[in-house]
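The structure appears right after this line, and notes come after that.
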Amino acid sequence: MDAMETAYRADAAGRKIILASRTGARLDSHVTEGGGTDDTAALQAVLDQAPALGGLYLIMDGAALVTGLRVHSNTTIHCLNQDCGFYQAAQSNCAVLTNADWDFAGIHNRNITLIGGTYNQNCAQQEHHVTVDDTAPMYMYSGLPGSVHPVYLLEFYGVENLLMRDVVLRDQRTHALVAANWRHVVMENIRIDLPGRMHAQNQDGLHFFGPGQFLTLRDIRGRSGDDFIALAPDEIDCRSDITDVLIDGVFLDDADQGIRMLSRDTGRLDRVTVRNMTGTYRSFGFYINPWYRGGKYGNYGHITFENIDLRQSAPNYDYTTPFLFRIGGNVESLVFRNIVSHLPADDRPLIELGWPVDGPESLRDDYAFGSVLVDGLRILTDSSSAPVREAIRARCRVGHLTLRNVEVYQEGRSPTGSLLHVTEDGEVDTLLLQNMMVRGLQTVVRSDGGTLRDLAASGVFCASLPGGLMECAGGAAVETQDIRP
């Protein structure tokens, strides 16, 4: 303790600052290769001083081998560079770092900051999940026996004012970060490295359960073995909300899946903006539906996607077909702006509206979308890329669907496919087509027995379109048309 006391310094704000190398920690590990002396006890002894000191600023000036650490309120961990940080010892089977006072109902930890460095979970040497007793906070993971808790890299339950900046999360065994019951979370310039990817092992990136409000994610990059980012407000309790979310700047490096938004029952996901997303993904770009059977099939408010240009690589899941956007449940409002499909590698659809929970043979009649706006869609294919089969598919009730500022260019092949396909399960009350330039499709709108009540079109230029503006089959009908040059 004397060594720790002499190591403390105070800055101008009165915060207690300590160098990790002056705590008795050996710091003889390596953030990518591991090894060294277990420094858990020395570092935890320092972190546990935060409540008595009123706050703590720990500077990691090396790499520590640890089993798992807990942080209290008013704690900052600052790693000097990405070669500083933490490597988790084999068979620790817990989080590398978590908040000290877990709670799914109240918030007991505040003002936790992680700056810089690498947090390596050493995934190949950890178990996927552990068994816990009935009194432990847990997430009952679907498909796993008994009372289990997955082994996450970082965990935060019941936190306010969580800031992470310039951090590398490496080789997570399951999710890289999990948070539930949170307010005011900001994460900037985060890299998720996964050289130890394992197929279908839930190696998500950032996973947020509710309740939660005010989340900002900026410049998040890397890969995951499942969802790269997940917003799942009521996945645990079927009632919690997540609202007020900004995700700005996501760069996928061959991630299995991009962003999942899961509302399974009454928990609401609302006021969410995702913009400026690029890179490569394997199977699913945006998976937005209730996922679980039962419940009220989702409670989505207003969600906006802007400036999305993702390129697909070979899919690695075969339980369903790949896609860019697949959306099911009850949704008030969706906005898509500036979506790009450039020389696609396969003919996966871009936007599917109304995909069921249980599979294509069991569509839920009570799925409903209030308003869907696609404002800015550009599709470019040539003879070396896959053709358009159906860019947008509607297979549930959609109140108002607007497609405007759309460009489709298919060169070097016979006309094929449609911009919008209304299936026999689909029902669109009002369809507005505005400011379109289409070349090389079979038709703009195809309907196979679905209901399309009112159609208005203006400023639609079509070339090489054998099927014309619209092809109807199987009793489909348009009650009102207003088509203008």
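Identifiers in the structure tokens: chain A, B, ... in order shown; residue index from 1 per chain; ligand index from 1 in order shown.
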
> So which bits of range 83-182 of chain A end up strand (DSSP E or B) when you DSSP the backbone, as a PyMOL selection string?
Replying inline: chain A and resi 85-88+97-99+109-115+118-120+129-131+148-150+154-170+177-182

Selection above as a file: N, CA and C atoms, as a CSV table (one decimal), in the first residue's frame:
```csv
chain,number,residue,atom,x,y,z
A,85,GLY,N,-2.3,-2.2,-22.4
A,85,GLY,CA,-3.6,-2.7,-22.1
A,85,GLY,C,-3.6,-4.0,-21.4
A,86,PHE,N,-4.5,-4.9,-21.8
A,86,PHE,CA,-4.8,-6.1,-21.1
A,86,PHE,C,-4.9,-7.4,-22.0
A,87,TYR,N,-4.3,-8.5,-21.5
A,87,TYR,CA,-4.5,-9.8,-22.2
A,87,TYR,C,-5.0,-10.7,-21.1
A,88,GLN,N,-6.1,-11.4,-21.5
A,88,GLN,CA,-6.8,-12.3,-20.5
A,88,GLN,C,-6.1,-13.7,-20.4
A,97,LEU,N,-13.1,-6.8,-18.4
A,97,LEU,CA,-13.4,-5.6,-17.6
A,97,LEU,C,-14.9,-5.5,-17.5
A,98,THR,N,-15.4,-5.1,-16.3
A,98,THR,CA,-16.8,-4.9,-16.1
A,98,THR,C,-17.0,-3.9,-15.0
A,99,ASN,N,-18.2,-3.3,-14.9
A,99,ASN,CA,-18.5,-2.4,-13.8
A,99,ASN,C,-18.7,-3.1,-12.5
A,109,ASN,N,-23.3,2.8,-11.1
A,109,ASN,CA,-21.9,3.2,-11.5
A,109,ASN,C,-22.0,4.3,-12.5
A,110,ARG,N,-21.2,5.4,-12.3
A,110,ARG,CA,-21.3,6.5,-13.2
A,110,ARG,C,-19.8,7.0,-13.6
A,111,ASN,N,-19.7,7.6,-14.7
A,111,ASN,CA,-18.5,8.3,-15.1
A,111,ASN,C,-17.3,7.3,-15.2
A,112,ILE,N,-17.5,6.3,-16.1
A,112,ILE,CA,-16.4,5.4,-16.4
A,112,ILE,C,-15.9,5.7,-17.8
A,113,THR,N,-14.5,5.8,-17.9
A,113,THR,CA,-13.9,6.2,-19.1
A,113,THR,C,-12.8,5.3,-19.4
A,114,LEU,N,-12.8,4.8,-20.7
A,114,LEU,CA,-11.7,3.9,-21.2
A,114,LEU,C,-11.1,4.7,-22.4
A,115,ILE,N,-9.8,5.0,-22.3
A,115,ILE,CA,-9.1,5.7,-23.4
A,115,ILE,C,-7.9,4.9,-23.8
A,118,THR,N,-5.4,-1.8,-25.9
A,118,THR,CA,-6.0,-3.0,-26.4
A,118,THR,C,-6.5,-3.9,-25.3
A,119,TYR,N,-7.7,-4.4,-25.5
A,119,TYR,CA,-8.3,-5.4,-24.5
A,119,TYR,C,-8.5,-6.7,-25.3
A,120,ASN,N,-7.7,-7.7,-24.9
A,120,ASN,CA,-7.6,-8.9,-25.7
A,120,ASN,C,-8.2,-10.0,-24.8
A,129,HIS,N,-19.5,-20.1,-22.6
A,129,HIS,CA,-20.4,-19.7,-21.5
A,129,HIS,C,-20.1,-20.5,-20.3
A,130,VAL,N,-20.6,-20.0,-19.2
A,130,VAL,CA,-20.4,-20.6,-17.9
A,130,VAL,C,-21.8,-20.8,-17.2
A,131,THR,N,-21.9,-21.7,-16.3
A,131,THR,CA,-23.1,-21.9,-15.5
A,131,THR,C,-23.1,-21.0,-14.3
A,148,VAL,N,-27.1,-20.0,-17.7
A,148,VAL,CA,-25.8,-19.8,-18.2
A,148,VAL,C,-25.6,-18.3,-18.5
A,149,HIS,N,-24.3,-18.0,-18.5
A,149,HIS,CA,-23.9,-16.6,-18.8
A,149,HIS,C,-22.8,-16.7,-19.9
A,150,PRO,N,-23.0,-16.1,-21.1
A,150,PRO,CA,-21.9,-16.1,-22.1
A,150,PRO,C,-20.7,-15.4,-21.6
A,154,LEU,N,-16.2,-7.2,-22.6
A,154,LEU,CA,-16.5,-6.1,-21.7
A,154,LEU,C,-18.0,-6.2,-21.3
A,155,GLU,N,-18.4,-5.9,-20.1
A,155,GLU,CA,-19.8,-5.9,-19.6
A,155,GLU,C,-20.0,-4.7,-18.8
A,156,PHE,N,-21.2,-4.1,-19.0
A,156,PHE,CA,-21.6,-2.9,-18.2
A,156,PHE,C,-23.1,-3.0,-18.0
A,157,TYR,N,-23.5,-3.2,-16.7
A,157,TYR,CA,-25.0,-3.3,-16.4
A,157,TYR,C,-25.3,-2.2,-15.3
A,158,GLY,N,-26.1,-1.3,-15.6
A,158,GLY,CA,-26.4,-0.2,-14.7
A,158,GLY,C,-25.4,0.9,-14.7
A,159,VAL,N,-25.1,1.5,-15.8
A,159,VAL,CA,-24.1,2.6,-15.9
A,159,VAL,C,-24.6,3.8,-16.6
A,160,GLU,N,-24.1,4.9,-16.2
A,160,GLU,CA,-24.4,6.2,-16.8
A,160,GLU,C,-23.1,7.0,-17.0
A,161,ASN,N,-23.0,7.6,-18.2
A,161,ASN,CA,-21.8,8.4,-18.6
A,161,ASN,C,-20.6,7.4,-18.8
A,162,LEU,N,-20.8,6.5,-19.7
A,162,LEU,CA,-19.7,5.6,-20.1
A,162,LEU,C,-19.1,6.2,-21.4
A,163,LEU,N,-17.8,6.4,-21.4
A,163,LEU,CA,-17.0,6.9,-22.5
A,163,LEU,C,-15.9,6.0,-22.9
A,164,MET,N,-15.8,5.6,-24.2
A,164,MET,CA,-14.7,4.8,-24.7
A,164,MET,C,-14.2,5.5,-25.9
A,165,ARG,N,-12.9,5.6,-26.0
A,165,ARG,CA,-12.3,6.3,-27.2
A,165,ARG,C,-10.9,5.7,-27.5
A,166,ASP,N,-10.7,5.5,-28.8
A,166,ASP,CA,-9.4,5.0,-29.3
A,166,ASP,C,-9.0,3.6,-28.7
A,167,VAL,N,-10.0,2.7,-28.6
A,167,VAL,CA,-9.8,1.4,-28.0
A,167,VAL,C,-9.9,0.3,-29.0
A,168,VAL,N,-9.0,-0.7,-28.8
A,168,VAL,CA,-9.0,-1.9,-29.6
A,168,VAL,C,-9.6,-3.1,-28.8
A,169,LEU,N,-10.7,-3.7,-29.3
A,169,LEU,CA,-11.3,-4.9,-28.6
A,169,LEU,C,-10.9,-6.1,-29.5
A,170,ARG,N,-10.2,-7.0,-28.9
A,170,ARG,CA,-9.6,-8.1,-29.7
A,170,ARG,C,-10.0,-9.5,-29.2
A,177,LEU,N,-18.6,-6.3,-26.5
A,177,LEU,CA,-19.1,-5.5,-25.4
A,177,LEU,C,-20.6,-5.7,-25.3
A,178,VAL,N,-21.0,-5.8,-24.1
A,178,VAL,CA,-22.5,-5.9,-23.8
A,178,VAL,C,-22.8,-4.8,-22.7
A,179,ALA,N,-23.9,-4.1,-23.0
A,179,ALA,CA,-24.4,-3.2,-22.0
A,179,ALA,C,-25.9,-3.3,-21.9
A,180,ALA,N,-26.4,-3.2,-20.7
A,180,ALA,CA,-27.8,-3.2,-20.4
A,180,ALA,C,-28.1,-2.2,-19.3
A,181,ASN,N,-29.2,-1.5,-19.3
A,181,ASN,CA,-29.6,-0.5,-18.3
A,181,ASN,C,-28.5,0.6,-18.3
A,182,TRP,N,-28.5,1.4,-19.3
A,182,TRP,CA,-27.5,2.4,-19.4
A,182,TRP,C,-28.1,3.8,-19.9
```

>> List the spatial neighbours of Glu188 in chain A as a list in words - criterion: any atom at most 6 Å away, only C-alpha atoms, same-chain residues fewer than 2 positions off excluded.
In response: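 The filter keeps Arg165, Ile190, Leu217, Arg218 and Asp219 of chain A.
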
Keeping N, CA and C atoms for every residue in the selection just given, could you write it to a file as a tab-separated table (two decimals), in the first residue's frame?
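Full text of part-v2.tsv as output:
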```
chain	number	residue	atom	x	y	z
A	165	ARG	N	-12.87	5.63	-26.00
A	165	ARG	CA	-12.30	6.31	-27.15
A	165	ARG	C	-10.94	5.69	-27.48
A	190	ILE	N	-13.31	3.07	-32.34
A	190	ILE	CA	-13.18	1.73	-31.75
A	190	ILE	C	-12.88	0.73	-32.86
A	217	LEU	N	-22.28	6.20	-31.33
A	217	LEU	CA	-21.20	5.35	-31.82
A	217	LEU	C	-20.62	6.03	-33.05
A	218	ARG	N	-19.33	6.37	-33.00
A	218	ARG	CA	-18.69	7.03	-34.14
A	218	ARG	C	-17.41	6.29	-34.52
A	219	ASP	N	-17.24	6.08	-35.81
A	219	ASP	CA	-16.01	5.49	-36.35
A	219	ASP	C	-15.71	4.15	-35.67
```

> Which polymer residues have any atom within 6 Å of an atom of Pro233 in chain A, counting only C-alpha atoms, with same-chain residues fewer than 4 positions away left out, as a list of chain:residue names?
Replying inline: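 In the requested form, the answer reads A:Phe209, A:Gly210, A:Ser240, A:Asp241, A:Ile242, A:Gly267.
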
> Which residues come within 7 Å of Asp61 in chain A, counting only C-alpha atoms, excluding same-chain residues fewer than 4 positions away, as a VMD selection string?
Replying inline: chain A and resid 19 to 21 79 to 80 84

>> List the spatial neighbours of Asp347 in chain A as an MDAnalysis selection string - criterion: any atom at most 10 Å away, only C-alpha atoms, same-chain residues fewer than 6 positions off excluded.
In response: chainID A and resid 322:323 385:391 417

> Contacts of Asn435 in chain A at 10 Å or less, counting only C-alpha atoms, minus same-chain residues fewer than 4 places along, as a ChimeraX atom specification?
Replying inline: /A:375-376,403-407,457-461

>> Just to confirm, what's the straight-line distance from CA of Asn330 in chain A to CA of Gly449 in chain A in Å (one decimal)?
In response: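 Computing it gives 22.5 Å between the two atoms.
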
> Near range 223-225 of chain A, within 8 Å and counting only C-alpha atoms, which residues show up once chain neighbours fewer than 6 positions away are dropped, as JSON, numbers by chain?
Replying inline: {"A": [192, 193, 194, 197, 198, 199, 200, 201, 202, 203, 204, 205, 252, 253, 254, 255, 256, 257]}

Any chance you can output those residues with all heavy atoms as a tab-separated table (two decimals), in the first residue's frame?
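As a result, out.tsv now contains:
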```
chain	number	residue	atom	x	y	z
A	192	ILE	N	-12.53	-3.35	-33.72
A	192	ILE	CA	-12.84	-4.70	-33.25
A	192	ILE	C	-12.06	-5.68	-34.10
A	192	ILE	O	-12.37	-5.89	-35.28
A	192	ILE	CB	-14.35	-4.98	-33.32
A	192	ILE	CG1	-15.12	-3.94	-32.47
A	192	ILE	CG2	-14.67	-6.39	-32.84
A	192	ILE	CD1	-16.62	-4.03	-32.58
A	193	ASP	N	-11.01	-6.24	-33.52
A	193	ASP	CA	-10.15	-7.21	-34.20
A	193	ASP	C	-10.59	-8.62	-33.84
A	193	ASP	O	-10.81	-8.92	-32.66
A	193	ASP	CB	-8.68	-7.03	-33.79
A	193	ASP	CG	-8.03	-5.84	-34.46
A	193	ASP	OD1	-8.62	-5.32	-35.42
A	193	ASP	OD2	-6.94	-5.44	-34.02
A	194	LEU	N	-10.68	-9.47	-34.84
A	194	LEU	CA	-11.08	-10.84	-34.57
A	194	LEU	C	-10.28	-11.82	-35.42
A	194	LEU	O	-10.82	-12.51	-36.29
A	194	LEU	CB	-12.59	-11.02	-34.82
A	194	LEU	CG	-13.22	-12.33	-34.36
A	194	LEU	CD1	-13.02	-12.56	-32.88
A	194	LEU	CD2	-14.70	-12.36	-34.73
A	197	ARG	N	-11.56	-15.78	-35.34
A	197	ARG	CA	-12.98	-15.98	-35.64
A	197	ARG	C	-13.33	-17.45	-35.68
A	197	ARG	O	-12.62	-18.28	-36.25
A	197	ARG	CB	-13.35	-15.32	-36.97
A	197	ARG	CG	-14.80	-15.57	-37.36
A	197	ARG	CD	-15.31	-14.61	-38.41
A	197	ARG	NE	-14.51	-14.55	-39.60
A	197	ARG	CZ	-14.73	-13.70	-40.61
A	197	ARG	NH1	-15.72	-12.84	-40.53
A	197	ARG	NH2	-13.96	-13.70	-41.68
A	198	MET	N	-14.48	-17.81	-35.06
A	198	MET	CA	-15.01	-19.16	-35.07
A	198	MET	C	-16.41	-19.11	-35.67
A	198	MET	O	-17.19	-18.21	-35.35
A	198	MET	CB	-15.09	-19.72	-33.65
A	198	MET	CG	-13.82	-19.57	-32.84
A	198	MET	SD	-14.10	-20.01	-31.10
A	198	MET	CE	-12.60	-19.37	-30.36
A	199	HIS	N	-16.76	-20.04	-36.50
A	199	HIS	CA	-18.05	-19.99	-37.18
A	199	HIS	C	-19.19	-20.20	-36.19
A	199	HIS	O	-19.18	-21.12	-35.38
A	199	HIS	CB	-18.11	-21.07	-38.26
A	199	HIS	CG	-19.45	-21.11	-38.96
A	199	HIS	ND1	-19.91	-20.06	-39.74
A	199	HIS	CD2	-20.42	-22.06	-38.98
A	199	HIS	CE1	-21.09	-20.37	-40.21
A	199	HIS	NE2	-21.43	-21.57	-39.77
A	200	ALA	N	-20.19	-19.30	-36.28
A	200	ALA	CA	-21.45	-19.41	-35.54
A	200	ALA	C	-21.23	-19.54	-34.04
A	200	ALA	O	-21.85	-20.36	-33.36
A	200	ALA	CB	-22.28	-20.58	-36.06
A	201	GLN	N	-20.35	-18.70	-33.49
A	201	GLN	CA	-20.04	-18.74	-32.06
A	201	GLN	C	-20.42	-17.46	-31.34
A	201	GLN	O	-19.92	-17.19	-30.25
A	201	GLN	CB	-18.56	-19.03	-31.86
A	201	GLN	CG	-18.15	-20.44	-32.21
A	201	GLN	CD	-18.62	-21.43	-31.16
A	201	GLN	OE1	-18.21	-21.40	-30.02
A	201	GLN	NE2	-19.51	-22.32	-31.56
A	202	ASN	N	-21.32	-16.68	-31.92
A	202	ASN	CA	-21.83	-15.46	-31.27
A	202	ASN	C	-20.72	-14.46	-30.96
A	202	ASN	O	-20.78	-13.76	-29.94
A	202	ASN	CB	-22.58	-15.79	-29.97
A	202	ASN	CG	-23.59	-16.89	-30.13
A	202	ASN	OD1	-23.40	-17.98	-29.60
A	202	ASN	ND2	-24.64	-16.62	-30.86
A	203	GLN	N	-19.74	-14.35	-31.83
A	203	GLN	CA	-18.67	-13.38	-31.61
A	203	GLN	C	-19.08	-12.00	-32.13
A	203	GLN	O	-18.47	-11.44	-33.04
A	203	GLN	CB	-17.38	-13.88	-32.26
A	203	GLN	CG	-16.79	-15.10	-31.57
A	203	GLN	CD	-15.58	-15.64	-32.30
A	203	GLN	OE1	-15.70	-16.20	-33.40
A	203	GLN	NE2	-14.40	-15.48	-31.71
A	204	ASP	N	-20.15	-11.48	-31.52
A	204	ASP	CA	-20.67	-10.16	-31.88
A	204	ASP	C	-19.64	-9.08	-31.58
A	204	ASP	O	-18.69	-9.29	-30.82
A	204	ASP	CB	-21.93	-9.85	-31.09
A	204	ASP	CG	-23.13	-10.68	-31.53
A	204	ASP	OD1	-22.93	-11.82	-31.98
A	204	ASP	OD2	-24.26	-10.20	-31.36
A	205	GLY	N	-19.91	-7.90	-32.10
A	205	GLY	CA	-19.14	-6.73	-31.74
A	205	GLY	C	-19.75	-6.05	-30.53
A	205	GLY	O	-19.59	-6.49	-29.40
A	252	LEU	N	-17.01	-2.05	-42.08
A	252	LEU	CA	-16.99	-3.50	-41.91
A	252	LEU	C	-15.85	-4.12	-42.71
A	252	LEU	O	-15.67	-3.82	-43.89
A	252	LEU	CB	-18.31	-4.11	-42.37
A	252	LEU	CG	-19.58	-3.66	-41.64
A	252	LEU	CD1	-20.79	-4.42	-42.18
A	252	LEU	CD2	-19.45	-3.81	-40.14
A	253	ASP	N	-15.12	-5.01	-42.06
A	253	ASP	CA	-14.01	-5.72	-42.69
A	253	ASP	C	-14.37	-7.20	-42.75
A	253	ASP	O	-13.92	-8.01	-41.95
A	253	ASP	CB	-12.73	-5.50	-41.89
A	253	ASP	CG	-11.53	-6.19	-42.50
A	253	ASP	OD1	-11.62	-6.65	-43.66
A	253	ASP	OD2	-10.49	-6.29	-41.82
A	254	ASP	N	-15.25	-7.55	-43.70
A	254	ASP	CA	-15.69	-8.94	-43.89
A	254	ASP	C	-16.40	-9.48	-42.65
A	254	ASP	O	-16.19	-10.63	-42.25
A	254	ASP	CB	-14.50	-9.83	-44.26
A	254	ASP	CG	-14.95	-11.08	-45.03
A	254	ASP	OD1	-15.95	-11.00	-45.76
A	254	ASP	OD2	-14.29	-12.13	-44.88
A	255	ALA	N	-17.25	-8.67	-42.04
A	255	ALA	CA	-18.05	-9.11	-40.91
A	255	ALA	C	-19.12	-10.08	-41.39
A	255	ALA	O	-19.62	-9.98	-42.51
A	255	ALA	CB	-18.69	-7.92	-40.21
A	256	ASP	N	-19.49	-11.03	-40.53
A	256	ASP	CA	-20.57	-11.94	-40.88
A	256	ASP	C	-21.87	-11.18	-41.11
A	256	ASP	O	-22.59	-11.41	-42.08
A	256	ASP	CB	-20.80	-12.97	-39.76
A	256	ASP	CG	-19.70	-14.01	-39.67
A	256	ASP	OD1	-18.70	-13.88	-40.39
A	256	ASP	OD2	-19.84	-14.95	-38.87
A	257	GLN	N	-22.19	-10.29	-40.19
A	257	GLN	CA	-23.41	-9.50	-40.23
A	257	GLN	C	-23.10	-8.06	-39.85
A	257	GLN	O	-22.15	-7.81	-39.11
A	257	GLN	CB	-24.46	-10.07	-39.27
A	257	GLN	CG	-24.79	-11.52	-39.53
A	257	GLN	CD	-25.76	-12.12	-38.52
A	257	GLN	OE1	-25.90	-13.33	-38.46
A	257	GLN	NE2	-26.45	-11.31	-37.75
```

> For Cys94 in chain A, which of A:His78, A:Arg239, A:His128, A:Arg311 is the closest residue, counting only C-alpha atoms?
Replying inline: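 Distance minimum relative to Cys94 in chain A lands on A:His128.
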